[in-house]
file input00.pdb (PDB, C-alpha atoms)
ATOM      1  CA  MET Q   1     -50.734   3.525   5.983
ATOM      2  CA  ASN Q   2     -47.583   4.518   4.159
ATOM      3  CA  ALA Q   3     -45.868   1.346   5.337
ATOM      4  CA  LEU Q   4     -48.844  -0.713   4.155
ATOM      5  CA  ARG Q   5     -48.824   0.722   0.635
ATOM      6  CA  THR Q   6     -45.039   0.348   0.412
ATOM      7  CA  TRP Q   7     -45.183  -3.324   1.472
ATOM      8  CA  SER Q   8     -48.105  -4.009  -0.894
ATOM      9  CA  ALA Q   9     -45.985  -2.617  -3.720
ATOM     10  CA  ILE Q  10     -43.054  -4.767  -2.540
ATOM     11  CA  ALA Q  11     -45.266  -7.901  -2.561
ATOM     12  CA  GLY Q  12     -46.491  -7.051  -6.071
ATOM     13  CA  ILE Q  13     -42.930  -6.469  -7.294
ATOM     14  CA  VAL Q  14     -41.720  -9.775  -5.805
ATOM     15  CA  LEU Q  15     -44.579 -11.752  -7.351
ATOM     16  CA  SER Q  16     -44.316 -10.247 -10.829
ATOM     17  CA  SER Q  17     -40.509 -10.393 -10.913
ATOM     18  CA  THR Q  18     -40.531 -14.073  -9.875
ATOM     19  CA  VAL Q  19     -42.996 -14.960 -12.642
ATOM     20  CA  GLY Q  20     -40.894 -12.882 -15.060
ATOM     21  CA  ASP Q  21     -37.608 -14.544 -14.042
ATOM     22  CA  VAL Q  22     -39.008 -18.059 -14.316
ATOM     23  CA  LEU Q  23     -40.441 -17.375 -17.788
ATOM     24  CA  LEU Q  24     -37.197 -15.701 -18.872
ATOM     25  CA  SER Q  25     -35.100 -18.586 -17.616
ATOM     26  CA  ARG Q  26     -37.356 -21.067 -19.402
ATOM     27  CA  ALA Q  27     -37.133 -19.104 -22.666
ATOM     28  CA  MET Q  28     -33.331 -18.825 -22.511
ATOM     29  CA  ARG Q  29     -32.815 -22.491 -21.652
ATOM     30  CA  GLN Q  30     -34.973 -23.483 -24.624
ATOM     31  CA  ILE Q  31     -33.057 -21.140 -26.945
ATOM     32  CA  GLY Q  32     -29.689 -22.396 -25.669
ATOM     33  CA  HIS Q  33     -26.282 -20.734 -25.325
ATOM     34  CA  VAL Q  34     -26.820 -17.311 -26.957
ATOM     35  CA  GLY Q  35     -23.069 -16.600 -27.241
ATOM     36  CA  GLU Q  36     -22.636 -19.670 -29.430
ATOM     37  CA  LEU Q  37     -25.780 -18.889 -31.398
ATOM     38  CA  TRP Q  38     -24.356 -15.390 -32.044
ATOM     39  CA  ARG Q  39     -21.023 -16.797 -33.285
ATOM     40  CA  ARG Q  40     -22.736 -19.450 -35.413
ATOM     41  CA  GLU Q  41     -25.576 -17.516 -37.014
ATOM     42  CA  GLY Q  42     -24.908 -13.847 -36.231
ATOM     43  CA  LEU Q  43     -26.334 -11.336 -33.793
ATOM     44  CA  GLY Q  44     -29.543 -10.837 -35.790
ATOM     45  CA  ALA Q  45     -30.452 -14.515 -35.622
ATOM     46  CA  ALA Q  46     -29.714 -14.643 -31.885
ATOM     47  CA  LEU Q  47     -31.848 -11.556 -31.196
ATOM     48  CA  LYS Q  48     -34.630 -12.900 -33.378
ATOM     49  CA  ALA Q  49     -34.644 -16.242 -31.566
ATOM     50  CA  ILE Q  50     -35.008 -14.368 -28.267
ATOM     51  CA  VAL Q  51     -37.684 -11.804 -29.159
ATOM     52  CA  MET Q  52     -39.807 -14.333 -31.066
ATOM     53  CA  HIS Q  53     -39.985 -16.692 -28.093
ATOM     54  CA  PRO Q  54     -43.480 -16.598 -26.490
ATOM     55  CA  SER Q  55     -42.149 -17.132 -22.941
ATOM     56  CA  PHE Q  56     -39.742 -14.215 -23.451
ATOM     57  CA  LEU Q  57     -42.558 -11.870 -24.497
ATOM     58  CA  LEU Q  58     -44.692 -12.923 -21.533
ATOM     59  CA  ALA Q  59     -41.653 -12.470 -19.271
ATOM     60  CA  LEU Q  60     -41.188  -8.934 -20.633
ATOM     61  CA  PHE Q  61     -44.753  -8.086 -19.660
ATOM     62  CA  PHE Q  62     -44.241  -9.278 -16.073
ATOM     63  CA  MET Q  63     -40.884  -7.501 -15.842
ATOM     64  CA  ALA Q  64     -42.501  -4.271 -17.057
ATOM     65  CA  VAL Q  65     -45.157  -4.641 -14.341
ATOM     66  CA  SER Q  66     -42.461  -5.145 -11.715
ATOM     67  CA  PHE Q  67     -40.400  -2.229 -13.097
ATOM     68  CA  PHE Q  68     -43.250   0.279 -12.854
ATOM     69  CA  GLY Q  69     -44.078  -1.169  -9.430
ATOM     70  CA  LEU Q  70     -40.463  -0.445  -8.478
ATOM     71  CA  LEU Q  71     -40.659   3.153  -9.743
ATOM     72  CA  LEU Q  72     -43.888   3.632  -7.767
ATOM     73  CA  ALA Q  73     -42.365   2.152  -4.601
ATOM     74  CA  LEU Q  74     -39.191   4.251  -5.028
ATOM     75  CA  SER Q  75     -41.329   7.389  -5.157
ATOM     76  CA  TRP Q  76     -42.801   6.403  -1.746
ATOM     77  CA  ALA Q  77     -39.854   4.908   0.134
ATOM     78  CA  ASP Q  78     -36.032   4.791   0.264
ATOM     79  CA  VAL Q  79     -34.060   2.715  -2.216
ATOM     80  CA  SER Q  80     -32.211   1.195   0.747
ATOM     81  CA  LEU Q  81     -35.502  -0.383   1.868
ATOM     82  CA  VAL Q  82     -37.268  -1.160  -1.414
ATOM     83  CA  VAL Q  83     -34.478  -2.733  -3.457
ATOM     84  CA  PRO Q  84     -33.054  -5.010  -0.743
ATOM     85  CA  ALA Q  85     -36.524  -6.009   0.524
ATOM     86  CA  THR Q  86     -37.773  -7.045  -2.918
ATOM     87  CA  ALA Q  87     -34.464  -8.738  -3.703
ATOM     88  CA  SER Q  88     -34.304 -10.567  -0.401
ATOM     89  CA  LEU Q  89     -37.802 -12.033  -0.728
ATOM     90  CA  SER Q  90     -37.196 -12.852  -4.413
ATOM     91  CA  TYR Q  91     -34.359 -15.282  -3.597
ATOM     92  CA  VAL Q  92     -36.765 -17.501  -1.673
ATOM     93  CA  THR Q  93     -39.714 -17.220  -4.100
ATOM     94  CA  ASN Q  94     -37.348 -17.843  -7.039
ATOM     95  CA  ALA Q  95     -35.817 -20.928  -5.432
ATOM     96  CA  LEU Q  96     -39.316 -22.342  -4.872
ATOM     97  CA  ALA Q  97     -40.502 -21.436  -8.369
ATOM     98  CA  ALA Q  98     -37.336 -22.756 -10.074
ATOM     99  CA  ARG Q  99     -37.812 -26.077  -8.302
ATOM    100  CA  LEU Q 100     -41.528 -26.312  -9.084
ATOM    101  CA  PHE Q 101     -41.680 -24.941 -12.610
ATOM    102  CA  LEU Q 102     -38.165 -25.237 -14.057
ATOM    103  CA  HIS Q 103     -37.298 -28.556 -12.350
ATOM    104  CA  GLU Q 104     -33.881 -27.237 -11.369
ATOM    105  CA  ARG Q 105     -32.162 -29.335  -8.757
ATOM    106  CA  VAL Q 106     -32.240 -26.941  -5.789
ATOM    107  CA  ASP Q 107     -29.985 -28.936  -3.467
ATOM    108  CA  ARG Q 108     -28.994 -28.128   0.105
ATOM    109  CA  ARG Q 109     -26.133 -25.944  -1.136
ATOM    110  CA  ARG Q 110     -28.446 -23.762  -3.199
ATOM    111  CA  TRP Q 111     -31.069 -23.507  -0.460
ATOM    112  CA  MET Q 112     -28.409 -22.497   2.042
ATOM    113  CA  SER Q 113     -27.046 -19.945  -0.383
ATOM    114  CA  ALA Q 114     -30.513 -18.514  -1.148
ATOM    115  CA  LEU Q 115     -31.318 -18.245   2.577
ATOM    116  CA  LEU Q 116     -27.928 -16.681   3.449
ATOM    117  CA  VAL Q 117     -28.330 -14.104   0.680
ATOM    118  CA  CYS Q 118     -31.940 -13.468   1.714
ATOM    119  CA  ALA Q 119     -30.908 -12.939   5.358
ATOM    120  CA  GLY Q 120     -27.912 -10.827   4.348
ATOM    121  CA  VAL Q 121     -29.957  -8.568   2.095
ATOM    122  CA  ALA Q 122     -32.593  -8.209   4.848
ATOM    123  CA  VAL Q 123     -29.876  -7.157   7.331
ATOM    124  CA  LEU Q 124     -28.476  -4.685   4.789
ATOM    125  CA  ALA Q 125     -31.956  -3.122   4.591
ATOM    126  CA  ALA Q 126     -32.338  -2.808   8.381
TER     127      ALA Q 126
ATOM    128  CA  MET L   1     -17.546 -22.070 -15.874
ATOM    129  CA  THR L   2     -15.009 -20.197 -18.009
ATOM    130  CA  PRO L   3     -13.390 -16.794 -17.222
ATOM    131  CA  ARG L   4     -15.631 -15.295 -19.888
ATOM    132  CA  LYS L   5     -18.721 -16.518 -18.036
ATOM    133  CA  TYR L   6     -17.476 -14.973 -14.779
ATOM    134  CA  LEU L   7     -17.087 -11.700 -16.718
ATOM    135  CA  VAL L   8     -20.756 -11.901 -17.744
ATOM    136  CA  LEU L   9     -21.719 -12.426 -14.073
ATOM    137  CA  LEU L  10     -19.562  -9.395 -13.158
ATOM    138  CA  ALA L  11     -21.318  -7.297 -15.825
ATOM    139  CA  ILE L  12     -24.685  -8.264 -14.293
ATOM    140  CA  VAL L  13     -23.497  -7.091 -10.859
ATOM    141  CA  VAL L  14     -22.032  -3.773 -12.062
ATOM    142  CA  PHE L  15     -24.841  -2.757 -14.452
ATOM    143  CA  ALA L  16     -27.589  -3.670 -11.964
ATOM    144  CA  SER L  17     -26.165  -1.702  -9.031
ATOM    145  CA  PHE L  18     -25.229   1.431 -10.990
ATOM    146  CA  GLY L  19     -28.637   1.244 -12.705
ATOM    147  CA  ASP L  20     -30.490   1.090  -9.367
ATOM    148  CA  ILE L  21     -28.453   3.973  -7.910
ATOM    149  CA  SER L  22     -29.256   6.095 -10.956
ATOM    150  CA  LEU L  23     -32.995   5.236 -10.859
ATOM    151  CA  SER L  24     -33.167   6.041  -7.168
ATOM    152  CA  HIS L  25     -31.408   9.385  -7.632
ATOM    153  CA  GLY L  26     -33.798  10.246 -10.474
ATOM    154  CA  MET L  27     -36.974   9.267  -8.600
ATOM    155  CA  LYS L  28     -35.867  11.337  -5.598
ATOM    156  CA  ARG L  29     -35.762  14.346  -7.922
ATOM    157  CA  VAL L  30     -39.124  13.513  -9.495
ATOM    158  CA  GLY L  31     -40.675  13.297  -6.022
ATOM    159  CA  ALA L  32     -43.446  11.136  -4.564
ATOM    160  CA  ILE L  33     -46.139  10.104  -7.034
ATOM    161  CA  SER L  34     -49.623   9.795  -5.534
ATOM    162  CA  GLY L  35     -52.034   7.010  -6.456
ATOM    163  CA  ALA L  36     -54.420   9.440  -8.152
ATOM    164  CA  ARG L  37     -51.673  10.754 -10.436
ATOM    165  CA  TRP L  38     -50.103   7.392 -11.287
ATOM    166  CA  THR L  39     -49.763   8.319 -14.995
ATOM    167  CA  GLU L  40     -46.880  10.611 -13.929
ATOM    168  CA  LEU L  41     -44.868   7.376 -13.652
ATOM    169  CA  PHE L  42     -44.642   7.283 -17.431
ATOM    170  CA  ALA L  43     -43.411  10.886 -17.544
ATOM    171  CA  ALA L  44     -40.751   9.974 -14.941
ATOM    172  CA  VAL L  45     -38.784   8.013 -17.570
ATOM    173  CA  LEU L  46     -37.944  11.382 -19.198
ATOM    174  CA  ASN L  47     -35.872  12.411 -16.183
ATOM    175  CA  PRO L  48     -32.205  12.090 -17.291
ATOM    176  CA  TRP L  49     -31.185  10.033 -14.241
ATOM    177  CA  VAL L  50     -34.124   7.662 -14.687
ATOM    178  CA  ALA L  51     -33.251   7.413 -18.397
ATOM    179  CA  LEU L  52     -29.588   6.657 -17.584
ATOM    180  CA  GLY L  53     -30.779   4.047 -15.087
ATOM    181  CA  ILE L  54     -32.873   2.419 -17.806
ATOM    182  CA  VAL L  55     -29.897   2.323 -20.209
ATOM    183  CA  LEU L  56     -27.732   0.691 -17.523
ATOM    184  CA  LEU L  57     -30.488  -1.788 -16.707
ATOM    185  CA  LEU L  58     -30.696  -2.685 -20.422
ATOM    186  CA  GLY L  59     -26.987  -3.581 -20.237
ATOM    187  CA  PHE L  60     -27.797  -5.659 -17.181
ATOM    188  CA  PHE L  61     -30.632  -7.349 -19.062
ATOM    189  CA  ALA L  62     -28.412  -8.387 -21.987
ATOM    190  CA  ALA L  63     -25.842  -9.919 -19.652
ATOM    191  CA  TYR L  64     -28.585 -11.568 -17.601
ATOM    192  CA  LEU L  65     -30.186 -13.166 -20.686
ATOM    193  CA  SER L  66     -26.800 -14.502 -21.723
ATOM    194  CA  ALA L  67     -26.154 -16.011 -18.272
ATOM    195  CA  LEU L  68     -29.602 -17.628 -18.114
ATOM    196  CA  SER L  69     -28.953 -19.306 -21.461
ATOM    197  CA  TRP L  70     -26.106 -21.362 -19.966
ATOM    198  CA  SER L  71     -26.884 -21.713 -16.292
ATOM    199  CA  ASP L  72     -29.674 -22.272 -13.777
ATOM    200  CA  LEU L  73     -31.799 -19.454 -12.359
ATOM    201  CA  THR L  74     -30.975 -20.682  -8.838
ATOM    202  CA  TYR L  75     -27.259 -20.314  -9.697
ATOM    203  CA  VAL L  76     -27.343 -16.944 -11.477
ATOM    204  CA  LEU L  77     -29.402 -15.157  -8.817
ATOM    205  CA  PRO L  78     -27.267 -15.916  -5.734
ATOM    206  CA  ALA L  79     -24.031 -15.678  -7.752
ATOM    207  CA  THR L  80     -24.871 -12.112  -8.760
ATOM    208  CA  SER L  81     -26.151 -11.030  -5.338
ATOM    209  CA  LEU L  82     -22.766  -9.348  -4.708
ATOM    210  CA  GLY L  83     -24.549  -6.465  -6.460
ATOM    211  CA  TYR L  84     -26.292  -5.700  -3.160
ATOM    212  CA  VAL L  85     -22.931  -5.445  -1.449
ATOM    213  CA  LEU L  86     -21.800  -3.082  -4.217
ATOM    214  CA  LEU L  87     -25.082  -1.144  -3.892
ATOM    215  CA  ALA L  88     -24.466  -0.710  -0.137
ATOM    216  CA  LEU L  89     -20.877   0.445  -0.774
ATOM    217  CA  LEU L  90     -21.993   2.847  -3.531
ATOM    218  CA  SER L  91     -24.617   4.410  -1.259
ATOM    219  CA  VAL L  92     -21.768   4.983   1.208
ATOM    220  CA  TRP L  93     -19.382   6.496  -1.346
ATOM    221  CA  LEU L  94     -21.890   8.427  -3.435
ATOM    222  CA  LEU L  95     -24.526   9.339  -0.836
ATOM    223  CA  GLY L  96     -22.213   9.642   2.178
ATOM    224  CA  GLU L  97     -23.943   7.096   4.440
ATOM    225  CA  LYS L  98     -22.124   5.364   7.282
ATOM    226  CA  VAL L  99     -21.606   1.588   7.338
ATOM    227  CA  SER L 100     -23.067   0.304  10.603
ATOM    228  CA  PHE L 101     -22.032  -2.943  12.290
ATOM    229  CA  SER L 102     -25.262  -4.679  11.148
ATOM    230  CA  ARG L 103     -24.579  -3.629   7.570
ATOM    231  CA  TRP L 104     -21.164  -5.315   7.694
ATOM    232  CA  ILE L 105     -22.958  -8.457   8.984
ATOM    233  CA  GLY L 106     -25.317  -8.233   5.986
ATOM    234  CA  ILE L 107     -22.381  -7.891   3.597
ATOM    235  CA  LEU L 108     -20.755 -10.935   5.215
ATOM    236  CA  LEU L 109     -23.955 -13.035   4.914
ATOM    237  CA  VAL L 110     -24.503 -12.153   1.239
ATOM    238  CA  SER L 111     -20.855 -12.831   0.418
ATOM    239  CA  SER L 112     -20.933 -16.252   2.112
ATOM    240  CA  GLY L 113     -24.103 -17.121   0.184
ATOM    241  CA  VAL L 114     -22.319 -16.196  -3.040
ATOM    242  CA  GLY L 115     -19.248 -18.190  -1.993
ATOM    243  CA  ILE L 116     -21.347 -21.291  -1.312
ATOM    244  CA  VAL L 117     -23.348 -21.315  -4.551
ATOM    245  CA  THR L 118     -20.407 -20.583  -6.855
ATOM    246  CA  ARG L 119     -18.547 -23.629  -5.520
ATOM    247  CA  GLY L 120     -21.366 -25.851  -6.775
ATOM    248  CA  PRO L 121     -22.459 -26.801 -10.298
ATOM    249  CA  SER L 122     -23.900 -23.952 -12.387
ATOM    250  CA  VAL L 123     -26.407 -26.038 -14.287
ATOM    251  CA  THR L 124     -28.810 -28.938 -13.652
ATOM    252  CA  HIS L 125     -27.839 -31.753 -15.995
ATOM    253  CA  ARG L 126     -30.797 -33.337 -17.680
ATOM    254  CA  HIS L 127     -30.778 -36.589 -19.570
ATOM    255  CA  ARG L 128     -31.253 -35.359 -23.067
ATOM    256  CA  PRO L 129     -29.023 -35.407 -26.120
ATOM    257  CA  GLU L 130     -26.565 -32.539 -26.552
ATOM    258  CA  PRO L 131     -27.017 -30.539 -29.773
ATOM    259  CA  GLU L 132     -24.582 -31.552 -32.518
ATOM    260  CA  PRO L 133     -21.487 -29.324 -32.456
ATOM    261  CA  VAL L 134     -21.204 -27.384 -35.698
ATOM    262  CA  ALA L 135     -17.943 -27.579 -37.653
ATOM    263  CA  GLY L 136     -15.691 -24.617 -36.917
ATOM    264  CA  ASP L 137     -17.488 -23.879 -33.659
ATOM    265  CA  LYS L 138     -14.837 -22.721 -31.194
ATOM    266  CA  ARG L 139     -15.361 -23.912 -27.645
TER     267      ARG L 139
END

call {"tool": "encode", "arguments": {"input": "input00.pdb", "output": "structure tokens"}}
result
Amino acid sequence: MNALRTWSAIAGIVLSSTVGDVLLSRAMRQIGHVGELWRREGLGAALKAIVMHPSFLLALFFMAVSFFGLLLALSWADVSLVVPATASLSYVTNALAARLFLHERVDRRRWMSALLVCAGVAVLAA
Amino acid sequence: MTPRKYLVLLAIVVFASFGDISLSHGMKRVGAISGARWTELFAAVLNPWVALGIVLLLGFFAAYLSALSWSDLTYVLPATSLGYVLLALLSVWLLGEKVSFSRWIGILLVSSGVGIVTRGPSVTHRHRPEPEPVAGDKR
């Protein structure tokens, strides 16, 4: 029962963090290089461009959901299980989502890297 | 990829792992929160270790936003996964755990994943016009 609720929380965290990451990545790619924006127009303009972006605000919501999910899961189970398990699964879901929704070219190199990291993080958790 | 960009990736790794360690330490002190008393989660952010964790994770977030503005999600995520190696090492140094053989294997796998992705391109090039460089813009 305890394992079931922990893994349900992990699934929820993975799902909401993937949606959050994809939205965040989309927002930041549309805004462009923030370092250059900062130098060109100042920190205020760069911050404003970020916080006014609809995808960013939606991303914040999903990241908040995944953050409170993480706190909940950490109150039930060890950090050495929860953090690597969510991270490990996120590499695969993010690679899929980045390909589908962000149209990033996820070539063989990136797939191999995502799977190696996923396997490595899973072994670290064991 | 410039040295400055690698520094941003390093900041992501360091802030994220120290932030997670701090959150974990704090939540251990708060104790298990039952489903019926889920609102206690919001009170948990007042614990100093949880609060410190949040500050560190804000630092992570700033660096992460910066990295996402100039490279692909599928580059940034594996490239910063060294954080899990650092997290494992920190739990050894700070919490006194032992590094088992399988944990070394995990560290090796994550590191090789990082090695592979960072040798490739950091961004998917799309066929669209580059924004006009502004006069006086240092690159």

call {"tool": "resolve_selection", "arguments": {"input": "input00.pdb", "expression": "the PyMOL selection byres ((chain L) within 8 of (chain Q))", "output": "PyMOL selection string"}}
result
chain L and resi 24+27-28+30-33+41+65-66+68-70+72-75+77-78+81+84+88+102-114+116-117+120+124+137

call {"tool": "closest_residue", "arguments": {"input": "input00.pdb", "among": "L:Trp93, L:Trp49, L:Phe101, L:Tyr6", "to": "L:Gly19", "atoms": "all atoms listed in the file"}}
result
L:Trp49

call {"tool": "atom_distance", "arguments": {"input": "input00.pdb", "atom1": "atom CA of L:Ala79", "atom2": "atom CA of L:Thr118"}}
result
6.2 Å

call {"tool": "axis_aligned_box", "arguments": {"input": "input00.pdb", "around": "stretch 104-109 of chain Q", "padding_each_side": "8 Å", "output": "lines of an AutoDock Vina configuration file"}}
result
center_x = -30.0
center_y = -27.6
center_z = -5.6
size_x = 23.7
size_y = 19.4
size_z = 27.5

call {"tool": "residues_around", "arguments": {"input": "input00.pdb", "residues": "L:Thr80", "least_positions_apart": "6", "cutoff": "7 Å", "atoms": "only C-alpha atoms", "output": "compact mmCIF listing (two decimals) with C-alpha atoms, in the frame of the given file"}}
result
# COMPACT_ATOMS: atom_id res chain seq x y z
CA LEU L 9 -21.72 -12.43 -14.07
CA ILE L 12 -24.68 -8.26 -14.29
CA VAL L 13 -23.50 -7.09 -10.86

call {"tool": "residues_around", "arguments": {"input": "input00.pdb", "residues": "L:Arg4", "least_positions_apart": "3", "cutoff": "12 Å", "atoms": "all atoms listed in the file", "output": "PyMOL selection string"}}
result
(chain Q and resi 35) or (chain L and resi 1+7-11+63+66-67+139)

call {"tool": "residues_around", "arguments": {"input": "input00.pdb", "residues": "Q:Phe67", "least_positions_apart": "2", "cutoff": "12 Å", "atoms": "all atoms listed in the file", "output": "PyMOL selection string"}}
result
(chain Q and resi 9-10+12-17+20+60-65+69-74+83+86) or (chain L and resi 20+23+41-42+45+50+53-54+57)

call {"tool": "residues_around", "arguments": {"input": "input00.pdb", "residues": "L:Ser17", "least_positions_apart": "6", "cutoff": "8 Å", "atoms": "all atoms listed in the file", "output": "list in words"}}
result
Gly83, Tyr84, Leu86 and Leu87 of chain L

call {"tool": "atom_distance", "arguments": {"input": "input00.pdb", "atom1": "atom CA of L:Ser71", "atom2": "atom CA of Q:Thr18"}}
result
16.9 Å

call {"tool": "atom_distance", "arguments": {"input": "input00.pdb", "atom1": "atom CA of Q:Phe56", "atom2": "atom CA of Q:Val19"}}
result
11.3 Å

call {"tool": "closest_residue", "arguments": {"input": "input00.pdb", "among": "Q:Leu89, Q:Leu43, Q:Ala49, Q:Phe101", "to": "Q:Ala11", "atoms": "only C-alpha atoms"}}
result
Q:Leu89

call {"tool": "closest_residue", "arguments": {"input": "input00.pdb", "among": "L:Thr2, L:Pro48, L:Leu56, L:Phe18", "to": "L:Val85", "atoms": "only C-alpha atoms"}}
result
L:Phe18
